[in-house]
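The data block below is query.cif; it holds mmCIF, C-alpha atoms and all ligand atoms.
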```cif
data_start
loop_
_atom_site.group_PDB
_atom_site.id
_atom_site.type_symbol
_atom_site.label_atom_id
_atom_site.label_comp_id
_atom_site.auth_asym_id
_atom_site.auth_seq_id
_atom_site.Cartn_x
_atom_site.Cartn_y
_atom_site.Cartn_z
ATOM 1 C CA MET A 1 -1.623 -15.377 8.457
ATOM 2 C CA LEU A 2 -1.138 -12.010 6.761
ATOM 3 C CA ASP A 3 -1.973 -13.298 3.274
ATOM 4 C CA LYS A 4 -5.501 -14.259 4.444
ATOM 5 C CA LYS A 5 -5.970 -10.899 6.207
ATOM 6 C CA ILE A 6 -5.125 -8.779 3.173
ATOM 7 C CA ARG A 7 -7.762 -10.613 1.105
ATOM 8 C CA ARG A 8 -10.371 -8.712 3.109
ATOM 9 C CA TRP A 9 -8.785 -5.286 2.742
ATOM 10 C CA ARG A 10 -10.831 -2.908 0.593
ATOM 11 C CA HIS A 11 -9.608 0.293 2.195
ATOM 12 C CA VAL A 12 -6.471 1.064 4.192
ATOM 13 C CA PHE A 13 -4.904 4.231 5.557
ATOM 14 C CA LYS A 14 -1.160 4.858 5.347
ATOM 15 C CA LEU A 15 0.329 6.886 8.199
ATOM 16 C CA ASP A 16 3.765 8.452 7.907
ATOM 17 C CA PRO A 17 5.839 8.429 11.138
ATOM 18 C CA ASN A 18 7.701 11.490 9.842
ATOM 19 C CA ARG A 19 4.552 13.677 9.778
ATOM 20 C CA MET A 20 2.595 15.344 12.585
ATOM 21 C CA LEU A 21 -0.938 14.169 13.256
ATOM 22 C CA SER A 22 -3.124 15.435 16.104
ATOM 23 C CA ASP A 23 -4.602 12.986 18.610
ATOM 24 C CA LEU A 24 -8.070 13.901 17.401
ATOM 25 C CA ALA A 25 -7.247 13.194 13.741
ATOM 26 C CA LEU A 26 -5.559 9.918 14.685
ATOM 27 C CA GLU A 27 -8.599 8.866 16.683
ATOM 28 C CA MET A 28 -10.882 9.590 13.723
ATOM 29 C CA ILE A 29 -8.680 7.544 11.411
ATOM 30 C CA CYS A 30 -8.331 4.593 13.800
ATOM 31 C CA LYS A 31 -12.046 4.546 14.682
ATOM 32 C CA SER A 32 -13.130 4.739 11.035
ATOM 33 C CA ASP A 33 -14.335 1.600 9.308
ATOM 34 C CA THR A 34 -11.007 1.155 7.496
ATOM 35 C CA ASP A 35 -9.665 -2.397 7.214
ATOM 36 C CA ALA A 36 -6.124 -1.641 8.360
ATOM 37 C CA ILE A 37 -3.484 0.976 9.016
ATOM 38 C CA ILE A 38 -0.121 0.820 7.271
ATOM 39 C CA ILE A 39 2.698 2.703 8.974
ATOM 40 C CA GLY A 40 5.500 3.705 6.632
ATOM 41 C CA GLY A 41 7.040 6.352 4.422
ATOM 42 C CA THR A 42 10.034 7.067 2.266
ATOM 43 C CA ASP A 43 12.194 9.483 4.219
ATOM 44 C CA GLY A 44 12.854 10.501 7.819
ATOM 45 C CA ILE A 45 11.719 7.104 9.086
ATOM 46 C CA THR A 46 13.373 6.038 12.349
ATOM 47 C CA TYR A 47 12.874 3.315 14.936
ATOM 48 C CA GLU A 48 11.763 5.978 17.439
ATOM 49 C CA ASN A 49 9.143 7.771 15.337
ATOM 50 C CA THR A 50 7.747 4.423 14.107
ATOM 51 C CA GLN A 51 7.543 3.046 17.663
ATOM 52 C CA GLN A 52 5.843 6.251 18.887
ATOM 53 C CA LEU A 53 3.231 6.135 16.143
ATOM 54 C CA LEU A 54 2.581 2.423 16.761
ATOM 55 C CA ASP A 55 2.073 3.138 20.479
ATOM 56 C CA ARG A 56 -0.491 5.826 19.641
ATOM 57 C CA VAL A 57 -2.341 3.571 17.182
ATOM 58 C CA ARG A 58 -2.356 0.695 19.709
ATOM 59 C CA LYS A 59 -4.908 2.577 21.823
ATOM 60 C CA TYR A 60 -7.406 1.370 19.219
ATOM 61 C CA PRO A 61 -8.228 -2.175 18.067
ATOM 62 C CA VAL A 62 -7.470 -1.494 14.374
ATOM 63 C CA PHE A 63 -5.170 -3.967 12.531
ATOM 64 C CA CYS A 64 -1.798 -2.298 12.000
ATOM 65 C CA VAL A 65 1.161 -3.310 9.827
ATOM 66 C CA GLN A 66 4.561 -1.769 9.158
ATOM 67 C CA GLU A 67 5.737 -1.113 5.622
ATOM 68 C CA ILE A 68 9.487 -1.427 5.894
ATOM 69 C CA SER A 69 11.604 1.143 4.093
ATOM 70 C CA LYS A 70 14.652 1.096 6.384
ATOM 71 C CA ILE A 71 15.995 -1.982 8.095
ATOM 72 C CA ASP A 72 17.068 -0.216 11.292
ATOM 73 C CA ALA A 73 13.531 1.129 11.735
ATOM 74 C CA VAL A 74 11.844 -2.295 11.981
ATOM 75 C CA VAL A 75 9.753 -2.270 15.171
ATOM 76 C CA PRO A 76 8.515 -5.481 16.838
ATOM 77 C CA GLY A 77 4.858 -5.649 17.835
ATOM 78 C CA PHE A 78 3.062 -4.908 14.559
ATOM 79 C CA ASP A 79 0.323 -7.283 13.350
ATOM 80 C CA GLY A 80 2.332 -7.804 10.159
ATOM 81 C CA TYR A 81 5.102 -6.475 7.915
ATOM 82 C CA LEU A 82 4.924 -5.437 4.263
ATOM 83 C CA ILE A 83 8.168 -5.306 2.323
ATOM 84 C CA PRO A 84 8.208 -3.175 -0.826
ATOM 85 C CA ALA A 85 10.181 -4.198 -3.906
ATOM 86 C CA VAL A 86 10.143 -1.416 -6.516
ATOM 87 C CA LEU A 87 9.930 -3.322 -9.793
ATOM 88 C CA ASN A 88 10.548 -0.299 -12.023
ATOM 89 C CA SER A 89 13.488 1.005 -9.985
ATOM 90 C CA GLY A 90 16.647 1.829 -11.904
ATOM 91 C CA ASP A 91 18.719 0.564 -8.980
ATOM 92 C CA THR A 92 18.695 -3.145 -8.058
ATOM 93 C CA ASN A 93 19.057 -2.170 -4.395
ATOM 94 C CA TRP A 94 15.322 -1.379 -4.228
ATOM 95 C CA PHE A 95 14.094 -4.775 -5.393
ATOM 96 C CA LEU A 96 16.983 -7.054 -4.450
ATOM 97 C CA GLY A 97 20.029 -5.567 -2.712
ATOM 98 C CA ALA A 98 18.402 -4.121 0.432
ATOM 99 C CA HIS A 99 16.348 -7.293 0.817
ATOM 100 C CA HIS A 100 19.419 -9.509 0.538
ATOM 101 C CA GLN A 101 21.262 -7.423 3.113
ATOM 102 C CA ALA A 102 18.274 -7.498 5.482
ATOM 103 C CA LEU A 103 17.906 -11.270 5.228
ATOM 104 C CA LYS A 104 21.644 -11.772 5.698
ATOM 105 C CA ALA A 105 21.503 -9.787 8.939
ATOM 106 C CA TYR A 106 18.081 -10.699 10.357
ATOM 107 C CA GLY A 107 16.986 -13.813 8.423
ATOM 108 C CA ASP A 108 16.811 -15.989 11.563
ATOM 109 C CA PHE A 109 14.289 -13.746 13.310
ATOM 110 C CA ILE A 110 11.629 -13.241 10.677
ATOM 111 C CA PRO A 111 8.002 -14.172 11.517
ATOM 112 C CA TRP A 112 7.369 -15.465 7.999
ATOM 113 C CA ASN A 113 3.591 -15.951 8.382
ATOM 114 C CA HIS A 114 3.280 -12.255 9.100
ATOM 115 C CA VAL A 115 5.472 -10.928 6.291
ATOM 116 C CA LEU A 116 4.500 -10.232 2.657
ATOM 117 C CA LEU A 117 6.399 -8.831 -0.307
ATOM 118 C CA GLU A 118 4.736 -6.064 -2.344
ATOM 119 C CA GLY A 119 5.634 -5.593 -6.012
ATOM 120 C CA TYR A 120 5.551 -1.794 -6.423
ATOM 121 C CA LEU A 121 5.047 0.030 -9.687
ATOM 122 C CA THR A 122 5.779 3.621 -8.778
ATOM 123 C CA CYS A 123 4.353 5.900 -11.444
ATOM 124 C CA ASN A 124 4.506 9.529 -10.244
ATOM 125 C CA PRO A 125 7.914 10.987 -11.193
ATOM 126 C CA GLU A 126 7.517 13.724 -8.548
ATOM 127 C CA ALA A 127 6.967 11.351 -5.619
ATOM 128 C CA LYS A 128 9.802 10.923 -3.136
ATOM 129 C CA VAL A 129 9.651 7.176 -3.571
ATOM 130 C CA SER A 130 10.268 7.533 -7.344
ATOM 131 C CA ARG A 131 13.192 9.887 -6.796
ATOM 132 C CA VAL A 132 14.808 7.786 -4.078
ATOM 133 C CA THR A 133 14.515 4.543 -6.047
ATOM 134 C CA LYS A 134 15.386 6.179 -9.419
ATOM 135 C CA ALA A 135 12.217 4.686 -10.845
ATOM 136 C CA ASN A 136 11.480 4.652 -14.548
ATOM 137 C CA THR A 137 8.032 6.266 -14.447
ATOM 138 C CA ASP A 138 7.724 6.696 -18.207
ATOM 139 C CA LEU A 139 5.456 3.682 -18.543
ATOM 140 C CA THR A 140 3.054 2.571 -21.258
ATOM 141 C CA VAL A 141 0.100 0.259 -20.730
ATOM 142 C CA ASP A 142 2.221 -2.533 -22.262
ATOM 143 C CA ASP A 143 4.977 -1.871 -19.700
ATOM 144 C CA CYS A 144 2.406 -2.136 -16.937
ATOM 145 C CA VAL A 145 1.048 -5.430 -18.286
ATOM 146 C CA ALA A 146 4.595 -6.818 -18.462
ATOM 147 C CA TYR A 147 5.262 -5.763 -14.846
ATOM 148 C CA VAL A 148 2.035 -7.446 -13.732
ATOM 149 C CA ARG A 149 3.054 -10.655 -15.532
ATOM 150 C CA LEU A 150 6.486 -10.469 -13.912
ATOM 151 C CA ALA A 151 5.122 -9.909 -10.403
ATOM 152 C CA ASP A 152 1.976 -12.013 -10.472
ATOM 153 C CA ARG A 153 2.719 -14.888 -12.860
ATOM 154 C CA LEU A 154 6.500 -15.271 -12.704
ATOM 155 C CA TYR A 155 7.394 -14.218 -9.151
ATOM 156 C CA ARG A 156 3.927 -15.015 -7.727
ATOM 157 C CA LEU A 157 4.033 -11.994 -5.456
ATOM 158 C CA PRO A 158 0.996 -11.642 -3.159
ATOM 159 C CA ILE A 159 0.570 -7.885 -3.816
ATOM 160 C CA PHE A 160 0.902 -5.701 -6.916
ATOM 161 C CA TYR A 161 0.865 -2.069 -5.792
ATOM 162 C CA ILE A 162 0.254 0.735 -8.293
ATOM 163 C CA GLU A 163 1.756 3.747 -6.528
ATOM 164 C CA TYR A 164 0.999 7.324 -7.612
ATOM 165 C CA SER A 165 1.813 8.801 -4.188
ATOM 166 C CA GLY A 166 0.819 12.490 -4.195
ATOM 167 C CA THR A 167 -1.100 12.554 -7.474
ATOM 168 C CA PHE A 168 -4.198 10.957 -8.991
ATOM 169 C CA GLY A 169 -3.156 8.207 -11.387
ATOM 170 C CA ASP A 170 -3.925 7.015 -14.901
ATOM 171 C CA VAL A 171 -6.980 4.765 -14.840
ATOM 172 C CA GLU A 172 -5.892 3.087 -18.091
ATOM 173 C CA ILE A 173 -2.751 1.803 -16.341
ATOM 174 C CA VAL A 174 -4.897 0.529 -13.464
ATOM 175 C CA LYS A 175 -7.395 -1.150 -15.824
ATOM 176 C CA ALA A 176 -4.542 -2.825 -17.695
ATOM 177 C CA ALA A 177 -3.218 -4.220 -14.420
ATOM 178 C CA ARG A 178 -6.712 -5.433 -13.452
ATOM 179 C CA SER A 179 -7.168 -7.282 -16.722
ATOM 180 C CA GLU A 180 -3.870 -9.132 -16.305
ATOM 181 C CA VAL A 181 -3.581 -9.823 -12.600
ATOM 182 C CA SER A 182 -4.456 -13.357 -11.572
ATOM 183 C CA SER A 183 -3.719 -14.210 -7.932
ATOM 184 C CA ALA A 184 -1.971 -11.106 -6.556
ATOM 185 C CA ARG A 185 -4.050 -8.529 -4.706
ATOM 186 C CA LEU A 186 -4.134 -5.277 -6.629
ATOM 187 C CA PHE A 187 -3.463 -2.166 -4.499
ATOM 188 C CA TYR A 188 -3.863 1.408 -5.706
ATOM 189 C CA GLY A 189 -2.613 4.487 -3.832
ATOM 190 C CA GLY A 190 -2.229 8.070 -4.971
ATOM 191 C CA GLY A 191 -3.932 11.443 -4.768
ATOM 192 C CA LEU A 192 -7.390 10.313 -3.693
ATOM 193 C CA THR A 193 -9.301 13.338 -2.365
ATOM 194 C CA THR A 194 -12.814 13.194 -3.914
ATOM 195 C CA GLU A 195 -15.638 10.689 -4.229
ATOM 196 C CA GLU A 196 -15.410 10.944 -8.011
ATOM 197 C CA GLN A 197 -11.762 9.851 -7.920
ATOM 198 C CA VAL A 198 -12.559 6.929 -5.606
ATOM 199 C CA LYS A 199 -15.410 5.887 -7.934
ATOM 200 C CA THR A 200 -12.992 5.922 -10.861
ATOM 201 C CA MET A 201 -10.310 3.749 -9.243
ATOM 202 C CA ALA A 202 -12.015 1.524 -6.659
ATOM 203 C CA PRO A 203 -13.936 -0.755 -9.053
ATOM 204 C CA HIS A 204 -10.679 -1.859 -10.713
ATOM 205 C CA VAL A 205 -8.617 -2.721 -7.634
ATOM 206 C CA ASP A 206 -8.843 -4.886 -4.546
ATOM 207 C CA THR A 207 -7.475 -2.352 -2.076
ATOM 208 C CA ILE A 208 -7.465 1.439 -2.008
ATOM 209 C CA VAL A 209 -4.704 3.186 -0.007
ATOM 210 C CA VAL A 210 -5.243 6.718 1.316
ATOM 211 C CA GLY A 211 -2.261 8.644 2.688
ATOM 212 C CA ASN A 212 -1.705 12.378 2.162
ATOM 213 C CA LEU A 213 -5.366 13.381 2.573
ATOM 214 C CA ILE A 214 -5.178 12.344 6.247
ATOM 215 C CA TYR A 215 -2.726 15.190 6.856
ATOM 216 C CA PHE A 216 -4.682 18.018 5.299
ATOM 217 C CA ASN A 217 -8.285 16.924 5.838
ATOM 218 C CA ALA A 218 -8.765 13.999 8.234
ATOM 219 C CA GLN A 219 -12.561 14.300 8.146
ATOM 220 C CA ARG A 220 -12.599 13.930 4.380
ATOM 221 C CA ALA A 221 -10.078 11.075 4.647
ATOM 222 C CA VAL A 222 -12.550 9.214 6.883
ATOM 223 C CA GLN A 223 -15.231 9.693 4.210
ATOM 224 C CA THR A 224 -13.091 7.780 1.693
ATOM 225 C CA VAL A 225 -13.827 4.589 3.658
ATOM 226 C CA ALA A 226 -17.561 4.850 2.942
ATOM 227 C CA TRP A 227 -16.904 5.842 -0.681
ATOM 228 C CA VAL A 228 -14.793 2.720 -1.218
ATOM 229 C CA LYS A 229 -17.203 0.392 0.574
ATOM 230 C CA LYS A 230 -20.252 1.802 -1.228
ATOM 231 C CA ASN A 231 -18.488 1.033 -4.440
ATOM 232 C CA GLN A 232 -17.798 -2.528 -3.391
ATOM 233 C CA GLN A 233 -21.448 -3.085 -2.452
ATOM 234 C CA ARG A 234 -22.520 -1.891 -5.870
ATOM 235 C CA LYS A 235 -20.197 -4.486 -7.429
ATOM 236 C CA LYS A 236 -21.742 -7.242 -5.243
ATOM 237 C CA VAL A 237 -25.273 -6.278 -6.319
ATOM 238 C CA LYS A 238 -24.181 -6.414 -9.929
ATOM 239 C CA ARG A 239 -22.655 -9.888 -9.477
ATOM 240 C CA SER A 240 -25.815 -11.247 -7.838
ATOM 241 C CA GLN A 241 -27.921 -9.773 -10.640
ATOM 242 C CA VAL A 242 -25.712 -11.538 -13.165
ATOM 243 C CA LYS A 243 -26.176 -14.840 -11.278
ATOM 244 C CA LYS A 244 -29.971 -14.405 -11.303
ATOM 245 C CA ARG A 245 -29.914 -13.740 -15.029
ATOM 246 C CA GLN A 246 -27.827 -16.884 -15.596
ATOM 247 C CA LYS A 247 -30.356 -19.134 -13.746
HETATM 248 C C1 LIG A 301 11.030 -9.515 14.965
HETATM 249 C C2 LIG A 301 10.630 -8.700 13.821
HETATM 250 C C3 LIG A 301 9.844 -7.526 14.057
HETATM 251 C C4 LIG A 301 11.025 -9.028 12.629
HETATM 252 C C5 LIG A 301 10.663 -8.346 11.401
HETATM 253 C C6 LIG A 301 11.654 -8.832 10.414
HETATM 254 C C7 LIG A 301 11.453 -8.339 9.042
HETATM 255 C C8 LIG A 301 10.100 -8.299 8.490
HETATM 256 C C9 LIG A 301 12.576 -7.978 8.363
HETATM 257 C C10 LIG A 301 12.547 -7.429 7.018
HETATM 258 C C11 LIG A 301 13.284 -8.239 6.024
HETATM 259 C C12 LIG A 301 13.448 -7.508 4.734
HETATM 260 C C13 LIG A 301 13.654 -8.321 3.525
HETATM 261 C C14 LIG A 301 13.414 -6.156 4.702
HETATM 262 C C15 LIG A 301 13.588 -5.299 3.501
HETATM 263 C C16 LIG A 301 14.478 -4.140 3.819
HETATM 264 C C17 LIG A 301 14.376 -2.959 2.913
HETATM 265 C C18 LIG A 301 14.922 -1.706 3.459
HETATM 266 C C19 LIG A 301 13.857 -3.016 1.646
HETATM 267 C C20 LIG A 301 13.719 -1.860 0.724
HETATM 268 C C21 LIG A 301 12.345 -1.250 0.725
HETATM 269 C C22 LIG A 301 12.153 -0.155 -0.307
HETATM 270 C C23 LIG A 301 12.060 -0.515 -1.713
HETATM 271 C C24 LIG A 301 12.090 1.158 0.090
HETATM 272 C C25 LIG A 301 11.982 2.312 -0.822
HETATM 273 C C26 LIG A 301 10.893 3.307 -0.439
HETATM 274 C C27 LIG A 301 9.522 2.713 -0.387
HETATM 275 C C28 LIG A 301 9.026 1.818 -1.439
HETATM 276 C C29 LIG A 301 8.769 3.015 0.696
HETATM 277 C C30 LIG A 301 7.400 2.456 0.935
HETATM 278 C C31 LIG A 301 6.463 3.493 1.435
HETATM 279 C C32 LIG A 301 6.009 4.485 0.426
HETATM 280 C C33 LIG A 301 6.035 4.227 -0.996
HETATM 281 C C34 LIG A 301 5.576 5.645 0.892
HETATM 282 C C35 LIG A 301 5.081 6.721 -0.008
HETATM 283 O O1 LIG A 301 5.963 7.676 -0.070
HETATM 284 P P1 LIG A 301 5.842 8.998 0.814
HETATM 285 O O2 LIG A 301 6.957 9.035 1.750
HETATM 286 O O3 LIG A 301 4.455 9.107 1.348
HETATM 287 O O4 LIG A 301 6.091 10.059 -0.269
HETATM 288 P P2 LIG A 301 5.340 11.403 -0.563
HETATM 289 O O5 LIG A 301 5.807 12.349 0.469
HETATM 290 O O6 LIG A 301 5.773 11.756 -1.967
HETATM 291 O O7 LIG A 301 3.866 11.180 -0.461
HETATM 292 O O1 LIG A 302 -0.487 9.646 -0.106
HETATM 293 P P1 LIG A 302 -1.390 9.356 -1.240
HETATM 294 O O2 LIG A 302 -1.192 10.219 -2.430
HETATM 295 O O3 LIG A 302 -2.822 9.250 -0.799
HETATM 296 O O4 LIG A 302 -0.979 7.865 -1.698
HETATM 297 C C1 LIG A 302 -1.219 6.809 -0.829
HETATM 298 C C2 LIG A 302 -0.096 5.814 -0.800
HETATM 299 O O5 LIG A 302 -0.102 5.017 -1.939
HETATM 300 C C3 LIG A 302 1.253 6.412 -0.544
HETATM 301 O O6 LIG A 302 2.201 5.401 -0.449
HETATM 302 MG MG MG A 303 2.951 10.253 1.489
#
```

Let me see the file written as structure tokens.
Amino acid sequence: MLDKKIRRWRHVFKLDPNRMLSDLALEMICKSDTDAIIIGGTDGITYENTQQLLDRVRKYPVFCVQEISKIDAVVPGFDGYLIPAVLNSGDTNWFLGAHHQALKAYGDFIPWNHVLLEGYLTCNPEAKVSRVTKANTDLTVDDCVAYVRLADRLYRLPIFYIEYSGTFGDVEIVKAARSEVSSARLFYGGGLTTEEQVKTMAPHVDTIVVGNLIYFNAQRAVQTVAWVKKNQQRKKVKRSQVKKRQK
């Protein structure tokens, strides 16, 4: 069941089928200690380039899911499927219309135990995803809290994804989401390139997503796994210290 799997994800890489990646870089990414690979992107996604990338990743035992952005590019054979719904989109297509159309056409063939909906809050106005979905990225902390309540409490979505694709985000927005989220897993992705940035974001979220860095410095991208996991261990130590103090 995909919902159980994602509970263990602290770090994931996102690979874009529309971008070139050498075999060596792909091997480093797949053999890293990451928890999963997400294959997806906003534009230029086709059945063929997604299938080709999946075939290359399948040489390695890493868990691999597709993030669906185009219905005719859905490829069978992934370990799971993530379906984005952009909550702050200015066009209902990106949280309702495309999903309705997809279910009308393919609703009988969906492996439901392996499919999860992600509530996206896309916050970088320059990102392709914000432009394509006409997202309202002018968000206050109160807007963010309201979106978390909508996704997590009202719709009970399994994932709330703070997306800053291409740029490092506002930690106050992330902290506000953390303080409000109850059962959804909190994902953060956007502009992570240094240990300092990972240290700033990782303690407030369940899962860190690293994308662009893979394409300009795969070695450094692999290092982000250790940075995230080190951070998690520090949190565990703190929790056990608190327990000792309480006894
Ligand atoms: C048998 C079998 C395999 C069955 C599978 C069936 C299945 C799971 C069917 C799907 C059913 C369904 C409801 C599908 C939804 C269809 C759909 C098209 C929904 C819309 C998705 C959406 C909101 C897309 C908009 C773009 C988006 C959010 C993309 C996600 C990836 C992302 C944000 C990438 C980051 O952007 P990037 O491209 O990296 O941008 P930069 O270059 O700026 O970094
Ligand atoms: O590509 P970057 O900026 O690392 O963002 C990761 C991911 O959230 C993109 O969808
Ligand atoms: Mg990208």

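If you measure from each of A:Val145, A:Ala176, A:Leu192, A:Val86 to Asn217 in chain A using only C-alpha atoms, the closest one turns out to be A:Leu192.
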
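Of the listed residues (A:Lys199, A:Asp23, A:Gly211, A:Asn113), A:Gly211 comes nearest to Ile39 in chain A; the distances count all atoms listed in the file.
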
Pairwise distance, CA of Met20 in chain A with CA of Ala73 in chain A, equals 18.0 Å

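Note on the selection: in this file the PyMOL selection byres (((chain A and resi 12) around 7) and not hetatm) comes out as A:Trp9, A:Arg10, A:His11, A:Phe13, A:Lys14, A:Thr34, A:Asp35, A:Ala36, A:Ile37, A:Ile208, A:Val209, A:Val210.
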
Give the padded box for range 215-232 of chain A as JSON: axis-aligned, covering all atoms listed in the file, 8 Å on each side, centre and edge lengths in Å to one decimal.
```
{"center_x": -11.5, "center_y": 7.7, "center_z": 1.9, "size_x": 33.5, "size_y": 36.5, "size_z": 28.7}
```

Rank A:Val198, A:Ile159, A:Val129, A:Leu121 by their smallest atom-to-atom distance to ligand MG 303 (chain A), using only C-alpha atoms and all ligand atoms, and report the top residue only. A:Val129

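Here CA of Tyr60 in chain A and CA of Phe78 in chain A stand 13.1 Å from one another.
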
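Across the structure, atom O3 of ligand LIG 301 (chain A) and CA of Trp94 in chain A are spaced 16.1 Å apart.
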
So which residues are near ligand LIG 301 (chain A), meaning at most 8 Å away with all atoms listed in the file counted, given back as number ranges by chain? A: 16, 40-43, 67-71, 74-78, 80-86, 93-103, 106-107, 109-112, 114-115, 120, 122, 126-129, 132-133, 163, 165-166, 211-212

From the options A:Ile38, A:Leu2, A:Val174, A:Val225, which residue's atoms come nearest to Leu15 in chain A, counting all atoms listed in the file? A:Ile38

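Using all atoms listed in the file, the smallest distance between any of A:Thr194, A:Phe216, A:Ser22, A:Arg156 and ligand MG 303 (chain A) comes from A:Phe216.
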
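Each of A:Tyr155, A:Phe63, A:Trp227, A:Tyr215 was checked against ligand LIG 302 (chain A) using all atoms listed in the file; the smallest atom-to-atom distance is that of A:Tyr215.
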
Expand the PyMOL selection byres (((chain A and resi 187) around 8) and not hetatm) into the individual residues it matches in the shown file, reporting them as a VMD selection string. chain A and resid 159 to 162 185 to 186 188 to 189 205 to 209

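Close to (-3.8, -9.7, -10.1), meaning no more than 9 Å away when counting only C-alpha atoms, sit the residues A:Val148, A:Arg149, A:Ala151, A:Asp152, A:Arg153, A:Pro158, A:Ile159, A:Phe160, A:Ala177, A:Arg178, A:Ser179, A:Glu180, A:Val181, A:Ser182, A:Ser183, A:Ala184, A:Arg185, A:Leu186, A:Val205, A:Asp206.
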
Could you list as a compact mmCIF listing (two decimals) with C-alpha atoms, in the frame of the given file every residue that has an atom within 9 Å of (-2.2, 5.3, 15.7), using the file's coordinates and counting all atoms listed in the file?
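File produced: point_30.txt:
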```txt
# COMPACT_ATOMS: atom_id res chain seq x y z
CA LEU A 15 0.33 6.89 8.20
CA ASP A 23 -4.60 12.99 18.61
CA LEU A 26 -5.56 9.92 14.68
CA GLU A 27 -8.60 8.87 16.68
CA ILE A 29 -8.68 7.54 11.41
CA CYS A 30 -8.33 4.59 13.80
CA ILE A 37 -3.48 0.98 9.02
CA ILE A 39 2.70 2.70 8.97
CA GLN A 52 5.84 6.25 18.89
CA LEU A 53 3.23 6.14 16.14
CA LEU A 54 2.58 2.42 16.76
CA ASP A 55 2.07 3.14 20.48
CA ARG A 56 -0.49 5.83 19.64
CA VAL A 57 -2.34 3.57 17.18
CA ARG A 58 -2.36 0.70 19.71
CA LYS A 59 -4.91 2.58 21.82
CA TYR A 60 -7.41 1.37 19.22
CA VAL A 62 -7.47 -1.49 14.37
CA CYS A 64 -1.80 -2.30 12.00
```
